[in-house]
>>> print(open('work_26.cif').read())   # mmCIF, C-alpha atoms (C1' of nucleotides)
data_coords
#
loop_
_atom_site.label_atom_id
_atom_site.label_comp_id
_atom_site.auth_asym_id
_atom_site.auth_seq_id
_atom_site.Cartn_x
_atom_site.Cartn_y
_atom_site.Cartn_z
CA MET A 5 118.85 115.54 97.71
CA CYS A 6 116.09 113.72 99.39
CA GLY A 7 116.57 111.84 102.62
CA ARG A 8 113.14 111.98 104.26
CA TYR A 9 109.60 112.34 102.95
CA THR A 10 105.89 111.88 103.60
CA GLN A 11 103.13 109.78 102.11
CA THR A 12 99.88 110.40 103.94
CA ALA A 13 97.34 109.66 101.20
CA SER A 14 94.85 106.84 101.74
CA PRO A 15 94.85 103.66 99.64
CA GLU A 16 91.63 104.81 97.96
CA ASN A 17 93.17 108.13 97.08
CA LEU A 18 96.28 106.45 95.69
CA MET A 19 94.25 103.98 93.63
CA PHE A 20 92.35 106.84 92.04
CA ARG A 21 95.33 109.13 91.56
CA PHE A 22 97.70 106.52 90.09
CA GLY A 23 95.24 104.28 88.29
CA LEU A 24 96.06 101.18 90.30
CA THR A 25 94.29 98.00 89.40
CA ASP A 26 95.23 95.83 92.39
CA GLN A 27 92.70 95.75 95.16
CA GLY A 28 92.85 95.68 98.90
CA PHE A 29 96.42 96.76 99.58
CA THR A 30 97.11 98.57 102.80
CA VAL A 31 99.23 101.69 103.06
CA GLN A 32 99.72 103.37 106.40
CA PRO A 33 99.99 107.15 106.39
CA ARG A 34 103.65 108.08 106.77
CA TYR A 35 104.62 111.47 108.20
CA ASN A 36 108.33 110.75 108.44
CA LEU A 37 109.53 108.12 106.01
CA ALA A 38 113.25 107.40 106.32
CA PRO A 39 115.83 105.46 104.32
CA GLY A 40 115.94 101.79 105.17
CA GLN A 41 112.19 101.57 105.54
CA ASP A 42 109.59 100.01 103.29
CA ALA A 43 107.68 102.48 101.14
CA PRO A 44 104.92 102.27 98.51
CA THR A 45 105.98 102.34 94.87
CA VAL A 46 104.17 101.69 91.60
CA ILE A 47 105.52 99.61 88.75
CA SER A 48 103.95 98.47 85.51
CA GLU A 49 103.31 94.79 84.96
CA GLY A 50 101.01 95.62 82.11
CA PRO A 51 98.57 96.99 84.67
CA ARG A 52 100.00 99.21 87.35
CA VAL A 53 100.59 97.55 90.67
CA LEU A 54 101.59 98.81 94.07
CA ARG A 55 104.78 97.38 95.57
CA MET A 56 106.23 97.99 98.98
CA MET A 57 109.99 98.30 98.54
CA HIS A 58 113.01 99.07 100.72
CA TRP A 59 114.34 102.63 100.36
CA GLY A 60 118.06 102.41 99.58
CA LEU A 61 118.98 100.54 96.43
CA VAL A 62 120.66 97.18 96.89
CA PRO A 63 121.80 96.20 93.39
CA SER A 64 121.41 92.60 92.26
CA TRP A 65 125.19 92.09 92.35
CA ALA A 66 125.65 93.32 95.93
CA LYS A 67 127.48 91.04 98.36
CA ASP A 68 125.51 92.37 101.28
CA ALA A 69 122.73 94.86 101.87
CA PHE A 70 124.86 97.59 103.46
CA ILE A 71 125.40 99.36 100.17
CA GLY A 72 121.74 100.38 100.33
CA ASN A 73 122.60 102.89 103.05
CA ARG A 74 124.46 104.97 100.54
CA MET A 75 122.20 104.47 97.53
CA ILE A 76 119.11 106.40 98.58
CA ASN A 77 119.51 108.86 95.68
CA ALA A 78 120.73 108.79 92.08
CA ARG A 79 121.91 111.89 90.25
CA SER A 80 119.88 112.45 87.09
CA GLU A 81 122.80 114.23 85.42
CA THR A 82 124.98 111.10 85.45
CA ILE A 83 122.37 108.39 85.46
CA THR A 84 123.29 107.16 81.98
CA GLU A 85 126.99 107.00 82.91
CA LYS A 86 126.89 105.22 86.24
CA ARG A 87 126.97 101.45 85.83
CA THR A 88 124.52 100.65 88.54
CA PHE A 89 121.79 103.03 87.42
CA LYS A 90 122.28 102.79 83.69
CA ALA A 91 121.46 99.10 83.81
CA LEU A 92 118.19 99.81 85.62
CA LEU A 93 116.97 102.56 83.33
CA ASP A 94 115.77 100.05 80.75
CA ARG A 95 113.30 98.01 82.75
CA LYS A 96 113.46 98.93 86.43
CA ARG A 97 111.70 102.27 86.60
CA CYS A 98 109.15 102.98 89.30
CA LEU A 99 107.02 105.72 90.79
CA VAL A 100 107.79 106.47 94.42
CA LEU A 101 104.54 107.64 96.00
CA ALA A 102 104.72 110.73 98.17
CA ASP A 103 102.95 113.95 99.12
CA GLY A 104 105.82 115.94 100.58
CA PHE A 105 109.49 115.82 101.45
CA TYR A 106 111.81 117.36 104.01
CA GLU A 107 115.04 119.27 103.63
CA TRP A 108 117.15 120.75 106.43
CA GLN A 109 118.30 124.33 106.09
CA LYS A 110 121.49 125.33 107.84
CA ARG A 111 121.00 128.33 110.09
CA GLU A 112 123.30 129.90 112.63
CA ARG A 113 121.26 128.25 115.33
CA GLY A 114 121.50 124.85 113.69
CA LYS A 115 119.54 122.96 111.11
CA LEU A 116 115.90 123.72 110.56
CA PRO A 117 113.58 121.17 108.93
CA ILE A 118 111.31 122.38 106.13
CA ARG A 119 108.55 120.48 104.39
CA PHE A 120 107.93 120.87 100.67
CA VAL A 121 104.55 120.08 99.14
CA LEU A 122 102.56 120.75 95.99
CA LYS A 123 100.25 123.74 96.20
CA ASP A 124 97.29 121.45 95.65
CA ARG A 125 98.55 119.33 98.59
CA GLY A 126 97.98 116.22 96.51
CA PRO A 127 99.98 113.03 96.04
CA PHE A 128 102.77 112.93 93.48
CA ALA A 129 105.49 110.58 92.31
CA PHE A 130 109.24 110.78 92.61
CA ALA A 131 111.08 109.22 89.67
CA GLY A 132 112.62 106.02 90.99
CA LEU A 133 114.73 103.08 89.93
CA TRP A 134 114.53 99.68 91.59
CA ASP A 135 116.27 96.35 91.68
CA SER A 136 115.93 92.95 93.23
CA TRP A 137 118.60 91.39 95.46
CA ARG A 138 118.72 87.84 96.71
CA LYS A 139 119.11 87.66 100.45
CA PRO A 140 121.30 85.00 102.06
CA ASP A 141 118.15 83.12 103.07
CA GLY A 142 117.08 82.92 99.43
CA SER A 143 114.26 85.44 99.59
CA GLU A 144 114.23 88.61 97.51
CA LEU A 145 114.74 92.16 98.66
CA GLN A 146 113.20 94.70 96.33
CA SER A 147 114.62 98.17 96.84
CA PHE A 148 114.57 101.57 95.18
CA THR A 149 116.44 104.86 94.84
CA ILE A 150 115.04 108.36 94.26
CA ILE A 151 116.45 110.36 91.37
CA THR A 152 117.65 113.90 92.17
CA THR A 153 118.34 117.06 90.18
CA GLY A 154 119.44 120.64 90.74
CA ALA A 155 117.22 122.71 93.01
CA ASN A 156 114.51 125.04 91.68
CA ASP A 157 114.06 128.60 92.96
CA LEU A 158 112.01 127.49 95.94
CA LEU A 159 114.55 124.93 97.09
CA ARG A 160 117.74 126.79 96.29
CA PRO A 161 117.90 128.87 99.49
CA VAL A 162 117.54 125.66 101.45
CA HIS A 163 119.48 123.07 99.50
CA GLU A 164 121.32 122.74 96.22
CA ARG A 165 119.52 119.60 95.13
CA MET A 166 116.01 118.19 95.14
CA PRO A 167 114.21 114.98 94.27
CA VAL A 168 112.72 114.65 90.80
CA ILE A 169 108.94 114.95 90.99
CA LEU A 170 107.53 113.66 87.73
CA ASP A 171 105.09 115.85 85.90
CA ARG A 172 101.84 113.91 86.08
CA LYS A 173 101.59 113.66 82.31
CA TYR A 174 104.93 111.85 82.17
CA GLU A 175 104.16 109.16 84.74
CA GLU A 176 102.83 106.79 82.09
CA GLU A 177 105.91 107.17 79.96
CA TRP A 178 108.20 106.58 82.93
CA LEU A 179 106.46 103.29 83.68
CA ASP A 180 106.11 102.15 80.07
CA LEU A 181 108.34 99.09 79.58
CA ASP A 182 107.56 99.03 75.87
CA LEU A 183 109.49 102.24 75.51
CA THR A 184 112.85 101.16 74.15
CA ASN A 185 114.46 104.53 73.53
CA THR A 186 115.37 105.37 77.10
CA ALA A 187 117.17 108.53 75.98
CA ARG A 188 113.67 109.98 75.65
CA LEU A 189 113.22 109.65 79.39
CA ILE A 190 116.10 111.88 80.41
CA PRO A 191 114.29 115.17 79.66
CA LEU A 192 111.56 114.13 82.11
CA LEU A 193 114.04 114.32 84.99
CA LYS A 194 113.76 118.03 85.65
CA ALA A 195 113.22 120.20 88.69
CA TYR A 196 109.50 120.59 89.37
CA PRO A 197 108.32 124.18 88.83
CA SER A 198 108.52 126.38 91.93
CA ARG A 199 105.22 128.04 91.10
CA ASP A 200 103.41 124.77 91.81
CA MET A 201 105.12 124.11 95.13
CA GLU A 202 105.10 125.48 98.67
CA ALA A 203 107.37 125.22 101.68
CA TYR A 204 106.87 125.62 105.42
CA CYS A 205 108.86 125.11 108.59
CA VAL A 206 108.12 122.10 110.76
CA SER A 207 109.10 120.94 114.22
CA LYS A 208 112.48 119.38 114.92
CA MET A 209 110.45 116.41 116.04
CA VAL A 210 110.90 115.22 112.48
CA ASN A 211 114.66 114.90 113.01
CA SER A 212 114.28 111.54 114.66
CA PRO A 213 113.00 108.87 112.31
CA THR A 214 111.27 107.25 115.26
CA ASN A 215 108.76 110.11 115.29
CA ASP A 216 106.23 109.24 112.61
CA ARG A 217 103.21 111.21 113.66
CA PRO A 218 100.83 113.83 112.20
CA GLU A 219 102.59 116.53 114.26
CA CYS A 220 105.59 116.10 111.95
CA ILE A 221 103.78 117.85 109.10
CA GLN A 222 102.28 120.66 111.18
CA ALA A 223 103.54 124.12 110.34
CA VAL A 224 105.46 125.84 113.13
CA ASP A 225 106.04 129.55 113.57
CA ASN A 226 109.58 130.27 112.69
CA PHE A 227 111.62 132.61 110.60
CA SER A 228 110.19 132.55 107.13
CA VAL A 229 111.69 130.20 104.61
CA GLU A 230 114.31 132.26 102.86
"C1'" DC B 5 143.04 89.26 79.97
"C1'" DC B 6 141.62 89.54 85.29
"C1'" DA B 7 140.59 92.40 89.43
"C1'" DG B 8 137.90 95.40 91.52
"C1'" DA B 9 134.46 98.75 91.69
"C1'" DC B 10 129.85 99.78 91.22
"C1'" DG B 11 126.99 105.80 95.03
"C1'" DT B 12 125.37 110.52 96.96
"C1'" DT B 13 125.81 114.37 99.86
"C1'" DG B 14 128.38 117.42 102.34
"C1'" DT B 15 132.51 118.79 104.14
"C1'" DT B 16 137.41 119.51 104.09
"C1'" DG C 2 135.25 110.71 112.46
"C1'" DT C 3 132.50 107.04 110.44
"C1'" DC C 4 129.23 103.72 110.10
"C1'" DT C 5 124.65 101.58 111.05
"C1'" DG C 6 119.85 101.76 111.85
"C1'" DG C 7 115.52 103.90 111.32
"C1'" DC D 14 118.09 112.72 105.99
"C1'" DC D 15 119.30 112.47 111.41
"C1'" DA D 16 120.37 109.82 115.69
"C1'" DG D 17 123.12 107.01 117.99
"C1'" DA D 18 126.65 103.79 118.45
"C1'" DC D 19 131.32 102.95 118.15
"C1'" DG D 20 134.65 97.44 122.23
"C1'" DT D 21 136.87 93.41 124.70
"C1'" DT D 22 137.53 90.15 128.26
"C1'" DG D 23 136.01 87.91 131.95
"C1'" DT D 24 132.80 87.33 135.38
"C1'" DT D 25 128.08 87.13 137.16
"C1'" DG E 13 125.77 92.05 85.67
"C1'" DT E 14 128.87 95.52 83.53
"C1'" DC E 15 132.38 98.74 83.23
"C1'" DT E 16 137.02 100.70 84.34
"C1'" DG E 17 141.76 100.33 85.40
"C1'" DG E 18 145.96 97.95 85.27
#
>>> encode(input="work_26.cif", output="structure tokens")
Amino acid sequence: MCGRYTQTASPENLMFRFGLTDQGFTVQPRYNLAPGQDAPTVISEGPRVLRMMHWGLVPSWAKDAFIGNRMINARSETITEKRTFKALLDRKRCLVLADGFYEWQKRERGKLPIRFVLKDRGPFAFAGLWDSWRKPDGSELQSFTIITTGANDLLRPVHERMPVILDRKYEEEWLDLDLTNTARLIPLLKAYPSRDMEAYCVSKMVNSPTNDRPECIQAVDNFSVE
DNA sequence: CCAGACGTTGTT
DNA sequence: GTCTGG
DNA sequence: CCAGACGTTGTT
DNA sequence: GTCTGG
């Protein structure tokens, strides 16, 4: 699954990497991004635009926002069967911008946090779905969920599931609202290849979501990831 | 037809 | 144990 | 995901 | 809103 991640790339870097056309947005580097917080996403409105959205999907029909606590992920295997997600697959797809994510491995001594990144250390996009919910005060809450799949070889010793990182060449297709045959999108939701990823142990400082500092992504000496 | 759910993960 | 908040 | 709270009444 | 269960 995916319950914590990082997005440390600069706005300039993100504009270049994701072909954004909007100017002047601000994105703070995030070393410990947790559910319930606002995070940068990209959607297509013809041109691609950056949108800050709330992590934890609150569907349009929700009576209150609490459901978002339990909707931080969506299983790719059942995404066309589950009411809530199926409805969003047509026109509510987004890229969730990131450059790493954390998983906790259970050891005898407790849980050990591990950061996963691409070997090139560059930004990437999780496959996401989003929706808009009307708050009691009339304003709109835009929120998203991150799609998950079975773990690849690198993840498997740590955790059975992992977030879907879109192959770069499929990002355009994922955002394309003119694409009407959404069945074509399902094959894109695969585990990213292990050979293009790396993992390293980090400090337990990352356990608390209140710690959002560069030290969170520093490698620590520990037993090797196995 | 209406009522009620709508989700994931991990753990038991 | 379970839920909320971050 | 993890951390931290989880409750009422009455009084100050 | 949309689907499932009764």
>>> interface_residues(input="work_26.cif", of="chain A", to="chain E", cutoff="8 Å", atoms="all atoms listed in the file", output="PyMOL selection string")
chain A and resi 64-65+87
>>> interface_residues(input="work_26.cif", of="chain A", to="chain D", cutoff="9 Å", atoms="all atoms listed in the file", output="list in words")
Met5, Cys6, Gly7, Arg8, Ala38, Pro39, Tyr106, Glu107, Trp108, Val210, Asn211, Ser212 and Pro213 of chain A
>>> write_last_selection(input="work_26.cif", atoms="C-alpha atoms", output="PDB file, keeping the file's coordinate frame")
ATOM      1  CA  MET A   5     118.850 115.540  97.710  1.00  0.00           C
ATOM      2  CA  CYS A   6     116.090 113.720  99.390  1.00  0.00           C
ATOM      3  CA  GLY A   7     116.570 111.840 102.620  1.00  0.00           C
ATOM      4  CA  ARG A   8     113.140 111.980 104.260  1.00  0.00           C
ATOM      5  CA  ALA A  38     113.250 107.400 106.320  1.00  0.00           C
ATOM      6  CA  PRO A  39     115.830 105.460 104.320  1.00  0.00           C
ATOM      7  CA  TYR A 106     111.810 117.360 104.010  1.00  0.00           C
ATOM      8  CA  GLU A 107     115.040 119.270 103.630  1.00  0.00           C
ATOM      9  CA  TRP A 108     117.150 120.750 106.430  1.00  0.00           C
ATOM     10  CA  VAL A 210     110.900 115.220 112.480  1.00  0.00           C
ATOM     11  CA  ASN A 211     114.660 114.900 113.010  1.00  0.00           C
ATOM     12  CA  SER A 212     114.280 111.540 114.660  1.00  0.00           C
ATOM     13  CA  PRO A 213     113.000 108.870 112.310  1.00  0.00           C
TER      14      PRO A 213
END
>>> residues_near_point(input="work_26.cif", point="(92.8, 113.6, 95.6)", cutoff="8 Å", atoms="all atoms listed in the file", output="list in words")
Asn17, Leu18, Phe20, Arg21, Gly126 and Pro127 of chain A
>>> atom_distance(input="work_26.cif", atom1="CA of Asp103 in chain A", atom2="CA of Lys115 in chain A")
22.4 Å
>>> residues_around(input="work_26.cif", residues="Cys220 in chain A", least_positions_apart="3", cutoff="12 Å", atoms="only C-alpha atoms (C1' of nucleotides)", output="NGL selection string")
:A and (8-12 or 33-37 or 104-106 or 117-119 or 204-217 or 223-224)
>>> atom_distance(input="work_26.cif", atom1="CA of Pro161 in chain A", atom2="CA of Leu193 in chain A")
20.9 Å
>>> atom_distance(input="work_26.cif", atom1="CA of Ile76 in chain A", atom2="CA of Asp124 in chain A")
26.7 Å
>>> axis_aligned_box(input="work_26.cif", around="range 14-18 of chain E", padding_each_side="5 Å", output="AutoDock Vina command-line options")
--center_x 137.4 --center_y 98.1 --center_z 84.3 --size_x 27.1 --size_y 15.2 --size_z 12.2
>>> residues_around(input="work_26.cif", residues="Ser14 in chain A", least_positions_apart="5", cutoff="9 Å", atoms="all atoms listed in the file", output="PyMOL selection string")
chain A and resi 19+30-33
>>> resolve_selection(input="work_26.cif", expression="the PyMOL selection byres ((chain A and resi 175) around 10)", output="PyMOL selection string")
chain A and resi 22+98-99+128-131+169-174+176-180+192
>>> resolve_selection(input="work_26.cif", expression="the PyMOL selection byres ((chain A and resi 24) around 12)", output="list in words")
Pro15, Glu16, Asn17, Leu18, Met19, Phe20, Arg21, Phe22, Gly23, Thr25, Asp26, Gln27, Gly28, Phe29, Thr45, Val46, Ile47, Ser48, Glu49, Gly50, Pro51, Arg52, Val53, Leu54, Arg55 and Leu99 of chain A
>>> decode(input="work_26.cif", residues="chain E", atoms="N, CA and C atoms (P, O5', C5', C4', C3', O3' and C1' of nucleotides)", output="short mmCIF file (atom, residue, chain, number, x, y, z; two decimals), in the first residue's frame")
data_model
loop_
_atom_site.label_atom_id
_atom_site.label_comp_id
_atom_site.auth_asym_id
_atom_site.auth_seq_id
_atom_site.Cartn_x
_atom_site.Cartn_y
_atom_site.Cartn_z
P DG E 13 -27.35 13.04 -7.80
"O5'" DG E 13 -26.55 11.82 -8.48
"C5'" DG E 13 -25.59 12.10 -9.48
"C4'" DG E 13 -24.68 10.91 -9.63
"C3'" DG E 13 -25.37 9.67 -10.15
"O3'" DG E 13 -24.57 9.09 -11.16
"C1'" DG E 13 -24.39 9.23 -8.03
P DT E 14 -25.14 7.89 -12.08
"O5'" DT E 14 -24.80 6.60 -11.19
"C5'" DT E 14 -23.45 6.32 -10.88
"C4'" DT E 14 -23.38 4.97 -10.22
"C3'" DT E 14 -24.34 3.94 -10.81
"O3'" DT E 14 -23.65 2.71 -10.80
"C1'" DT E 14 -24.74 4.14 -8.53
P DC E 15 -24.11 1.52 -11.77
"O5'" DC E 15 -24.03 0.31 -10.75
"C5'" DC E 15 -22.84 0.15 -9.99
"C4'" DC E 15 -23.20 -0.54 -8.71
"C3'" DC E 15 -24.03 -1.81 -8.93
"O3'" DC E 15 -23.28 -2.90 -8.43
"C1'" DC E 15 -24.95 -0.44 -7.20
P DT E 16 -23.89 -4.39 -8.57
"O5'" DT E 16 -24.31 -4.67 -7.06
"C5'" DT E 16 -23.46 -4.25 -6.01
"C4'" DT E 16 -24.07 -4.64 -4.68
"C3'" DT E 16 -24.73 -6.02 -4.69
"O3'" DT E 16 -24.39 -6.63 -3.45
"C1'" DT E 16 -26.33 -4.35 -4.13
P DG E 17 -24.96 -8.11 -3.16
"O5'" DG E 17 -26.18 -7.78 -2.19
"C5'" DG E 17 -25.97 -6.87 -1.10
"C4'" DG E 17 -27.19 -6.88 -0.22
"C3'" DG E 17 -27.91 -8.23 -0.15
"O3'" DG E 17 -28.40 -8.37 1.17
"C1'" DG E 17 -29.37 -6.62 -1.08
P DG E 18 -29.19 -9.68 1.61
"O5'" DG E 18 -30.68 -9.16 1.80
"C5'" DG E 18 -30.92 -7.97 2.55
"C4'" DG E 18 -32.39 -7.62 2.49
"C3'" DG E 18 -33.31 -8.85 2.52
"O3'" DG E 18 -34.34 -8.65 3.47
"C1'" DG E 18 -33.81 -7.48 0.64
#
